[in-house]
Each structure stands twice: as structure tokens, then as C-alpha cells.
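Coordinates from work-v3.cif are shown below (mmCIF, C-alpha atoms).
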data_final
#
loop_
_atom_site.label_atom_id
_atom_site.label_comp_id
_atom_site.auth_asym_id
_atom_site.auth_seq_id
_atom_site.Cartn_x
_atom_site.Cartn_y
_atom_site.Cartn_z
CA MET S 238 120.76 -5.07 113.65
CA THR S 239 120.05 -1.83 111.89
CA THR S 240 121.19 1.58 113.01
CA LEU S 241 119.00 4.60 112.48
CA ALA S 242 120.74 7.42 110.66
CA GLN S 243 121.30 10.44 112.79
CA PRO S 244 119.41 13.52 111.59
CA ARG S 245 121.63 16.08 109.91
CA ASN S 246 122.03 19.28 111.89
CA LEU S 247 120.78 22.25 109.94
CA PRO S 248 123.21 25.20 109.77
CA LYS S 249 122.39 28.36 111.66
CA PHE S 250 120.67 31.13 109.73
CA GLY S 251 119.99 28.72 106.88
CA GLY S 252 123.69 28.57 105.91
CA PHE S 253 124.44 32.30 106.01
CA SER S 254 127.89 32.80 107.57
CA ALA S 255 130.99 35.00 107.49
CA GLY S 256 133.02 32.04 106.25
CA MET S 257 130.84 31.61 103.20
CA ILE S 258 130.98 35.35 102.48
CA GLY S 259 134.80 35.26 102.70
CA LEU S 260 134.97 32.30 100.34
CA GLU S 261 132.72 34.00 97.80
CA LEU S 262 134.72 37.23 98.08
CA ARG S 263 137.98 35.45 97.30
CA ARG S 264 136.38 33.85 94.27
CA MET S 265 135.24 37.23 92.96
CA ILE S 266 138.61 38.93 93.50
CA ARG S 267 140.22 36.33 91.24
CA ASN S 268 138.15 37.69 88.36
CA ARG S 269 140.43 40.61 87.43
CA ARG S 270 138.25 41.79 84.56
CA THR S 271 135.32 42.29 86.90
CA VAL S 272 137.43 44.15 89.45
CA VAL S 273 138.88 46.52 86.84
CA PHE S 274 135.50 47.01 85.20
CA THR S 275 133.75 47.98 88.43
CA LEU S 276 136.51 49.91 90.21
CA VAL S 277 138.44 51.68 87.46
CA MET S 278 135.86 52.62 84.82
CA PRO S 279 133.64 54.91 86.98
CA ALA S 280 136.71 56.83 88.20
CA VAL S 281 137.92 57.22 84.61
CA PHE S 282 134.49 58.48 83.53
CA PHE S 283 134.59 61.03 86.34
CA LEU S 284 138.01 62.28 85.26
CA ILE S 285 136.82 62.61 81.65
CA PHE S 286 133.43 64.23 82.19
CA GLY S 287 133.63 65.93 85.59
CA THR S 288 136.92 67.77 85.91
CA SER S 289 136.74 70.60 83.38
CA GLY S 290 137.68 74.06 84.64
CA SER S 291 134.15 75.45 84.48
CA TYR S 292 132.78 72.51 86.49
CA LYS S 293 135.23 73.20 89.29
CA THR S 294 134.11 76.83 89.62
CA GLU S 295 130.34 76.41 89.15
CA ARG S 296 128.63 76.16 92.53
CA ILE S 297 125.82 73.79 93.44
CA GLY S 298 124.39 73.10 96.88
CA GLY S 299 127.43 74.17 98.87
CA GLY S 300 129.81 72.28 96.59
CA ASN S 301 130.85 72.51 92.96
CA LEU S 302 129.57 70.85 89.81
CA THR S 303 132.59 68.53 89.82
CA GLY S 304 131.39 67.21 93.17
CA TYR S 305 127.90 66.72 91.75
CA VAL S 306 129.29 64.69 88.85
CA LEU S 307 131.42 62.73 91.30
CA ILE S 308 128.33 61.59 93.19
CA SER S 309 126.69 60.48 89.96
CA MET S 310 129.77 58.50 88.93
CA ALA S 311 130.01 56.96 92.40
CA VAL S 312 126.41 55.82 92.05
CA TYR S 313 127.21 54.41 88.62
CA GLY S 314 130.24 52.59 90.00
CA ALA S 315 128.19 51.14 92.86
CA MET S 316 125.59 50.02 90.34
CA LEU S 317 128.19 48.25 88.22
CA ALA S 318 129.87 46.66 91.22
CA THR S 319 126.75 45.40 92.96
CA THR S 320 125.14 44.19 89.73
CA SER S 321 128.33 42.35 88.82
CA GLY S 322 128.55 40.80 92.28
CA GLY S 323 125.01 39.50 92.03
CA ALA S 324 125.25 38.39 88.42
CA MET S 325 128.17 36.06 89.18
CA VAL S 326 125.54 33.39 89.90
CA SER S 327 125.28 32.96 86.12
CA VAL S 328 128.76 31.39 86.16
CA GLU S 329 127.72 29.06 88.97
CA ARG S 330 124.64 28.03 87.03
CA ALA S 331 126.70 27.27 83.94
CA ALA S 332 129.00 25.08 86.07
CA GLY S 333 126.07 23.21 87.61
CA TRP S 334 126.68 24.66 91.06
CA SER S 335 123.04 25.59 91.53
CA ARG S 336 122.01 21.96 91.20
CA GLN S 337 124.59 20.91 93.77
CA LEU S 338 123.13 23.41 96.22
CA ARG S 339 119.86 21.53 96.00
CA LEU S 340 121.56 18.67 97.87
CA THR S 341 122.64 20.90 100.77
CA PRO S 342 120.61 22.38 103.62
CA LEU S 343 121.40 25.89 102.35
CA LYS S 344 118.23 27.95 102.32
CA PRO S 345 117.38 30.08 99.27
CA VAL S 346 117.03 33.21 101.42
CA ALA S 347 120.47 32.59 102.99
CA TYR S 348 122.09 32.06 99.59
CA ILE S 349 120.53 35.27 98.24
CA ALA S 350 121.65 37.12 101.39
CA VAL S 351 125.27 35.95 100.97
CA LYS S 352 125.33 37.11 97.36
CA MET S 353 123.83 40.49 98.23
CA VAL S 354 126.31 41.07 101.09
CA LEU S 355 129.16 40.17 98.75
CA ALA S 356 127.85 42.59 96.11
CA MET S 357 127.56 45.37 98.71
CA ILE S 358 131.17 44.85 99.83
CA ILE S 359 132.38 45.33 96.26
CA GLY S 360 130.04 48.32 95.92
CA ALA S 361 131.56 49.95 99.00
CA VAL S 362 135.06 49.63 97.55
CA SER S 363 133.87 51.11 94.24
CA VAL S 364 132.37 54.18 95.95
CA ALA S 365 135.49 54.63 98.09
CA VAL S 366 137.75 54.56 95.01
CA ALA S 367 135.59 57.09 93.16
CA PHE S 368 135.48 59.46 96.14
CA ALA S 369 139.24 59.19 96.66
CA VAL S 370 139.84 60.12 93.01
CA GLY S 371 137.34 62.95 93.30
CA ALA S 372 138.95 64.38 96.41
CA LEU S 373 142.27 64.52 94.58
CA SER S 374 140.78 65.98 91.40
CA GLY S 375 138.99 69.13 92.50
CA ALA S 376 135.62 67.87 93.74
CA GLN S 377 134.21 70.08 96.49
CA LEU S 378 131.43 69.00 98.83
CA PRO S 379 130.38 70.03 102.34
CA ALA S 380 131.78 67.66 104.96
CA SER S 381 128.32 66.26 105.65
CA ALA S 382 127.80 65.60 101.93
CA TRP S 383 131.10 63.73 101.58
CA ILE S 384 129.87 61.32 104.24
CA GLY S 385 126.15 61.31 103.50
CA CYS S 386 126.35 61.09 99.72
CA GLY S 387 128.98 58.36 99.86
CA LEU S 388 127.04 56.21 102.30
CA LEU S 389 123.76 56.67 100.44
CA ALA S 390 125.31 55.95 97.04
CA TRP S 391 126.56 52.69 98.52
CA ALA S 392 123.51 51.69 100.58
CA CYS S 393 120.96 52.38 97.86
CA ALA S 394 122.93 50.25 95.39
CA LEU S 395 121.36 47.30 97.23
CA VAL S 396 118.62 47.44 94.60
CA PHE S 397 121.19 46.61 91.92
CA ALA S 398 122.66 43.76 93.94
CA ALA S 399 119.19 42.25 93.81
CA PHE S 400 118.91 43.19 90.14
CA GLY S 401 122.20 41.42 89.37
CA LEU S 402 121.05 38.27 91.14
CA PHE S 403 117.75 38.24 89.29
CA MET S 404 119.41 38.77 85.92
CA GLY S 405 122.07 36.19 86.76
CA TYR S 406 119.34 33.57 86.93
CA LEU S 407 117.55 34.83 83.83
CA LEU S 408 120.67 35.11 81.67
CA PRO S 409 122.62 31.81 81.64
CA SER S 410 125.83 33.28 80.33
CA GLU S 411 129.36 33.57 81.68
CA ASN S 412 129.53 36.95 79.91
CA VAL S 413 126.44 38.26 81.62
CA MET S 414 128.03 41.66 82.39
CA GLN S 415 128.62 42.21 78.70
CA ILE S 416 124.85 42.13 78.42
CA LEU S 417 124.04 43.99 81.63
CA GLY S 418 126.68 46.71 81.11
CA PRO S 419 124.81 48.35 78.22
CA ILE S 420 121.51 47.85 80.05
CA LEU S 421 122.87 49.73 83.08
CA ALA S 422 124.14 52.51 80.81
CA VAL S 423 120.68 52.90 79.26
CA LEU S 424 119.03 52.84 82.70
CA SER S 425 121.49 55.47 83.93
CA PHE S 426 120.65 57.75 81.02
CA ALA S 427 116.91 57.11 81.39
CA GLY S 428 117.07 57.69 85.14
CA GLY S 429 118.76 61.07 84.84
CA LEU S 430 122.10 59.97 86.25
CA PHE S 431 124.23 61.18 83.34
CA VAL S 432 122.02 64.06 82.19
CA PRO S 433 119.31 65.63 84.40
CA ALA S 434 115.95 64.31 83.18
CA SER S 435 114.43 67.78 83.47
CA GLU S 436 116.66 68.92 80.60
CA LEU S 437 115.21 66.30 78.22
CA GLY S 438 111.55 67.28 78.37
CA SER S 439 108.57 66.66 80.62
CA THR S 440 107.67 63.28 79.09
CA PHE S 441 111.17 61.92 79.58
CA GLU S 442 111.26 63.34 83.11
CA THR S 443 108.01 61.53 83.98
CA ILE S 444 109.28 58.22 82.62
CA SER S 445 112.59 58.56 84.47
CA LYS S 446 110.80 58.67 87.83
CA PHE S 447 109.82 55.03 87.42
CA THR S 448 113.37 53.76 86.88
CA PRO S 449 115.42 52.39 89.82
CA VAL S 450 118.32 54.67 88.89
CA ASN S 451 116.21 57.76 89.49
CA GLY S 452 115.53 56.75 93.07
CA VAL S 453 119.13 55.81 93.85
CA GLY S 454 120.55 58.96 92.23
CA GLY S 455 118.02 61.22 93.93
CA ILE S 456 118.77 59.82 97.38
CA ALA S 457 122.54 59.87 96.90
CA ARG S 458 122.57 63.51 95.77
CA TYR S 459 120.05 64.73 98.33
CA PRO S 460 122.56 65.67 101.08
CA LEU S 461 124.16 68.03 98.54
CA THR S 462 121.21 69.41 96.58
CA HIS S 463 118.15 68.85 98.84
CA ASP S 464 116.26 68.62 95.56
CA GLY S 465 113.24 66.44 94.78
CA ASN S 466 110.83 64.43 96.91
CA LEU S 467 112.98 62.27 99.17
CA TRP S 468 110.12 59.98 100.17
CA LEU S 469 109.29 59.20 96.55
CA PHE S 470 112.94 58.35 95.97
CA VAL S 471 112.87 56.01 98.97
CA LEU S 472 109.63 54.39 97.81
CA ASN S 473 111.19 53.85 94.39
CA VAL S 474 114.25 52.09 95.81
CA VAL S 475 112.28 49.94 98.27
CA ALA S 476 109.79 48.87 95.60
CA TRP S 477 112.42 47.90 93.02
CA THR S 478 114.60 46.14 95.62
CA THR S 479 111.61 44.06 96.69
CA VAL S 480 110.71 43.17 93.11
CA PHE S 481 114.25 42.08 92.21
CA ALA S 482 114.88 40.22 95.48
CA VAL S 483 111.61 38.27 95.22
CA GLY S 484 112.42 37.52 91.59
CA ALA S 485 115.89 36.26 92.53
CA ILE S 486 114.51 33.96 95.24
CA TRP S 487 111.87 32.65 92.86
CA ARG S 488 114.44 31.90 90.17
CA PHE S 489 116.79 30.28 92.71
CA ARG S 490 114.05 27.94 93.91
CA ARG S 491 113.13 27.05 90.34
CA ASP S 492 116.74 26.56 89.30
CA THR S 493 117.73 24.32 92.21
CA ALA S 494 114.56 22.24 91.75
CA ARG S 495 115.97 20.85 88.48
CA VAL S 496 117.83 17.74 89.63
#

Kindly return the structure encoded in the file as C-alpha cells.
Amino acid sequence: MTTLAQPRNLPKFGGFSAGMIGLELRRMIRNRRTVVFTLVMPAVFFLIFGTSGSYKTERIGGGNLTGYVLISMAVYGAMLATTSGGAMVSVERAAGWSRQLRLTPLKPVAYIAVKMVLAMIIGAVSVAVAFAVGALSGAQLPASAWIGCGLLAWACALVFAAFGLFMGYLLPSENVMQILGPILAVLSFAGGLFVPASELGSTFETISKFTPVNGVGGIARYPLTHDGNLWLFVLNVVAWTTVFAVGAIWRFRRDTARV
């Protein structure tokens, strides 16, 4: 007499759960180099480049130039943190974890969502650390800008969580951030995060508008400066987030199909 196998119950939401997010977060915290790289370096950059005496006295949009630089460094920190959080999939690929996932009912969309939530948690901590250092180091912003700029710097970094995931599948290396770190620095320069693009000529300014950093930086600074076309910034971020997220899902499906 044969017994029919009972069908396996599929997990809710395709496998997306708080327990899985907590597990992934603990794994990331164990990587001390990543934590230091994403939490400490942006604050150090702010202290080096944004706290000179003239910056503290020069006014901009109801705050001072030190506050303006703080927002830029918070955006940079969120970029590093979220990209790093997403790019950790490269380690899993090297260990063969992606192939194991092919044997589970975990859905690609749920897996991508877990990684992006994890990256955003790390990004929130990075922005909080930068703003805390800024508040103690002479940065001045209107109360609404402290809240608005911080939240937007964090929320818009979602595009780089997707970017990190996509690159994590394209770059099969445990040292992926050593590759992506310089790329993010170049993108930050090209997008006008470190130096306003308008100061580098009209051609450079036009090119910068098509980089994801330009959209994130423009949105994050808007509560302070009210400068630029907010809707174009939003369109930029939405478009790049979609491109990177679709690319990450595509690469995940292709990667897990190799059994």
C-alpha cells in the first residue's frame, strides 16, 4: 500500500518574514569591516570636509553650510550602507547558498524584499549616526529640515539597496564592496553630491542629472534648499530603483536556475 505524499505548505508572502530579516541582520552585524565602513567613514568625512569655521557661519536655506554638507554625507553614508547590505548576496553566491534556495519555496520577489529591507535598516542607522555627529559638530538646520532631510536621505537610498543587490549578482566576489566603493565615489562626484554640478560646467551638469545620486541628493536636500525640480528628482529615483530591482530579480532567477 502506497501513501501519497502530502503537499508542502507554501510560506506566507513567498517566504518574506520578520524572522528571516532578523537572521540576515545578525549575519551582517558579524561583519565588522562592513559596519565600520558604512557607519564610521561618512561621519569622518563630514568632520574633515564640513566643519571649518567659514562653513559654520555661511548661511544656506535657513541653516548653515555645515548642515548642507552633513546632508550630503548622510546621503553618502546611506548609499554605502544600503549598497553593502544588498551586495552581501555575492558572499552567498560564492558559498553556493543561491543554489540551495532553488530547492526551497522561497520566491525571488520575497528574497529580494528581505535583502532590501535589511539594507534599509543599515541605511537608517548610518543616517542616524551621521546626523548625531553633525548635531554635535556645529551643523544648523531648521527643525523641519532635520527631520525631512534625514528621512528622505534614508528613504531614497532604496535605489542603492536595489543597486547593491544587482551588483552582488553580477560581481561574484566576496570583496564586492572593494569594487563598488570606488564606483559609488565616482557616482557621488558625477551626481553633484560632493561638489555642486553647476560649478563644473553646463555639460557636466546635464550629465549629472541622469545619475541616481543626483536624484537622491536633490530630494534629500530639498527641505533645506527648495532648489531644483523635485518631480524630476523623484522620477530619477523611481526609474533607477525599478531598473536595479528588475535586474536583481532577473539575476536571482538566473542564478538559482543553475542546479

Check which residues of region 352-399 of chain S sit at most 10 Å from region 259-278 of chain S using only C-alpha atoms, and return one row each with the closest pair of atoms and their distance in Å to one decimal, ordered by chain and rising number, as a tab-separated table.
residue	atom	partner	partner_atom	distance
S:Lys352	CA	S:Glu261	CA	8.0
S:Val354	CA	S:Leu262	CA	9.7
S:Leu355	CA	S:Leu262	CA	6.3
S:Ala356	CA	S:Leu262	CA	8.9
S:Ile358	CA	S:Leu262	CA	8.6
S:Ile359	CA	S:Thr275	CA	8.4
S:Gly360	CA	S:Thr275	CA	8.4
S:Val362	CA	S:Leu276	CA	7.5
S:Ser363	CA	S:Leu276	CA	5.0
S:Val364	CA	S:Leu276	CA	8.3
S:Ala365	CA	S:Leu276	CA	9.2
S:Val366	CA	S:Leu276	CA	6.8
S:Ala367	CA	S:Leu276	CA	7.8

Among S:Trp487, S:Tyr313, S:Phe283, S:Tyr292, Leu430 (chain S) is approached most closely, using only C-alpha atoms, by S:Tyr313

One decimal place gives the CA of Trp391 (chain S)-CA of Ile456 (chain S) separation as 10.6 Å

Contacts of Phe403 (chain S) at 6 Å (all atoms listed in the file; same-chain gap of 2+ positions) as a PyMOL selection string: chain S and resi 400-401+405-406+481+484-485

Keeping only C-alpha atoms, write the selected residues to a file as a compact mmCIF listing (two decimals), in the coordinates of the input.
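Output contents, as saved in selection_21.txt:
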# COMPACT_ATOMS: atom_id res chain seq x y z
CA PHE S 400 118.91 43.19 90.14
CA GLY S 401 122.20 41.42 89.37
CA GLY S 405 122.07 36.19 86.76
CA TYR S 406 119.34 33.57 86.93
CA PHE S 481 114.25 42.08 92.21
CA GLY S 484 112.42 37.52 91.59
CA ALA S 485 115.89 36.26 92.53

Using only C-alpha atoms, which protein or nucleic acid residues come within 9 Å of region 302-310 of chain S? Drop anything in the same chain fewer than 3 positions from it, and give the result as number ranges by chain. S: 279-280, 282-284, 286-289, 291-298, 313-315, 364, 367-368, 370-372, 374-378, 386-387, 390, 430-431, 454, 457-458, 461-462

In Å to one decimal, how far is CA of Pro460 (chain S) from CA of Ser445 (chain S)?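 Pair CA of Ser445 (chain S) / CA of Pro460 (chain S) returns 20.6 Å.
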
Which of S:Tyr459, S:Ser435, S:Gly322, S:Ile349 sits closest to Leu389 (chain S) [using all atoms listed in the file]: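 Closest residue, counting all atoms listed in the file: S:Tyr459.
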
Picked residues, the PyMOL selection byres ((chain S and resi 410-424) around 7), as an MDAnalysis selection string: chainID S and resid 321 324 327:328 408:409 425:428 450

What does the distance from CA of Met357 (chain S) to CA of Thr443 (chain S) come to in Å, to one decimal?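 Taking CA of Met357 (chain S) and CA of Thr443 (chain S), their separation equals 29.3 Å.
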
Nearest to Thr448 (chain S) by atom-to-atom distance, counting only C-alpha atoms, from S:Ala380, S:Ile258, S:Leu467, S:Val474: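 Nearest to Thr448 (chain S): S:Val474.
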
May I ask which of the residues S:Val351, S:Ala382, S:Leu407, S:Ile444 is the closest one to Gly299 (chain S), counting only C-alpha atoms? S:Ala382

Which residues come within 10 Å of Ala482 (chain S), counting only C-alpha atoms, excluding same-chain residues fewer than 3 positions away, as a PDB file with C-alpha atoms, in the coordinates of the input?
ATOM      1  CA  VAL S 346     117.030  33.210 101.420  1.00  0.00           C
ATOM      2  CA  ILE S 349     120.530  35.270  98.240  1.00  0.00           C
ATOM      3  CA  ALA S 350     121.650  37.120 101.390  1.00  0.00           C
ATOM      4  CA  MET S 353     123.830  40.490  98.230  1.00  0.00           C
ATOM      5  CA  LEU S 395     121.360  47.300  97.230  1.00  0.00           C
ATOM      6  CA  VAL S 396     118.620  47.440  94.600  1.00  0.00           C
ATOM      7  CA  PHE S 397     121.190  46.610  91.920  1.00  0.00           C
ATOM      8  CA  ALA S 398     122.660  43.760  93.940  1.00  0.00           C
ATOM      9  CA  ALA S 399     119.190  42.250  93.810  1.00  0.00           C
ATOM     10  CA  PHE S 400     118.910  43.190  90.140  1.00  0.00           C
ATOM     11  CA  GLY S 401     122.200  41.420  89.370  1.00  0.00           C
ATOM     12  CA  LEU S 402     121.050  38.270  91.140  1.00  0.00           C
ATOM     13  CA  PHE S 403     117.750  38.240  89.290  1.00  0.00           C
ATOM     14  CA  TRP S 477     112.420  47.900  93.020  1.00  0.00           C
ATOM     15  CA  THR S 478     114.600  46.140  95.620  1.00  0.00           C
ATOM     16  CA  THR S 479     111.610  44.060  96.690  1.00  0.00           C
ATOM     17  CA  ALA S 485     115.890  36.260  92.530  1.00  0.00           C
ATOM     18  CA  ILE S 486     114.510  33.960  95.240  1.00  0.00           C
ATOM     19  CA  TRP S 487     111.870  32.650  92.860  1.00  0.00           C
ATOM     20  CA  ARG S 488     114.440  31.900  90.170  1.00  0.00           C
TER      21      ARG S 488
END

Box time for region 379-383 of chain S: axis-aligned, enclosing all its listed atoms, 5 Å extra on each side; report centre and edge lengths in Å to one decimal, as lines of an AutoDock Vina configuration file.
center_x = 129.8
center_y = 66.9
center_z = 103.6
size_x = 14.0
size_y = 16.3
size_z = 14.1

So which one's closest to Val312 (chain S), S:Ala347, S:Ala394, S:Ala255, S:Ala369? Using only C-alpha atoms, please.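 Checking each of S:Ala347, S:Ala394, S:Ala255, S:Ala369 against Val312 (chain S), counting only C-alpha atoms, the winner is S:Ala394.
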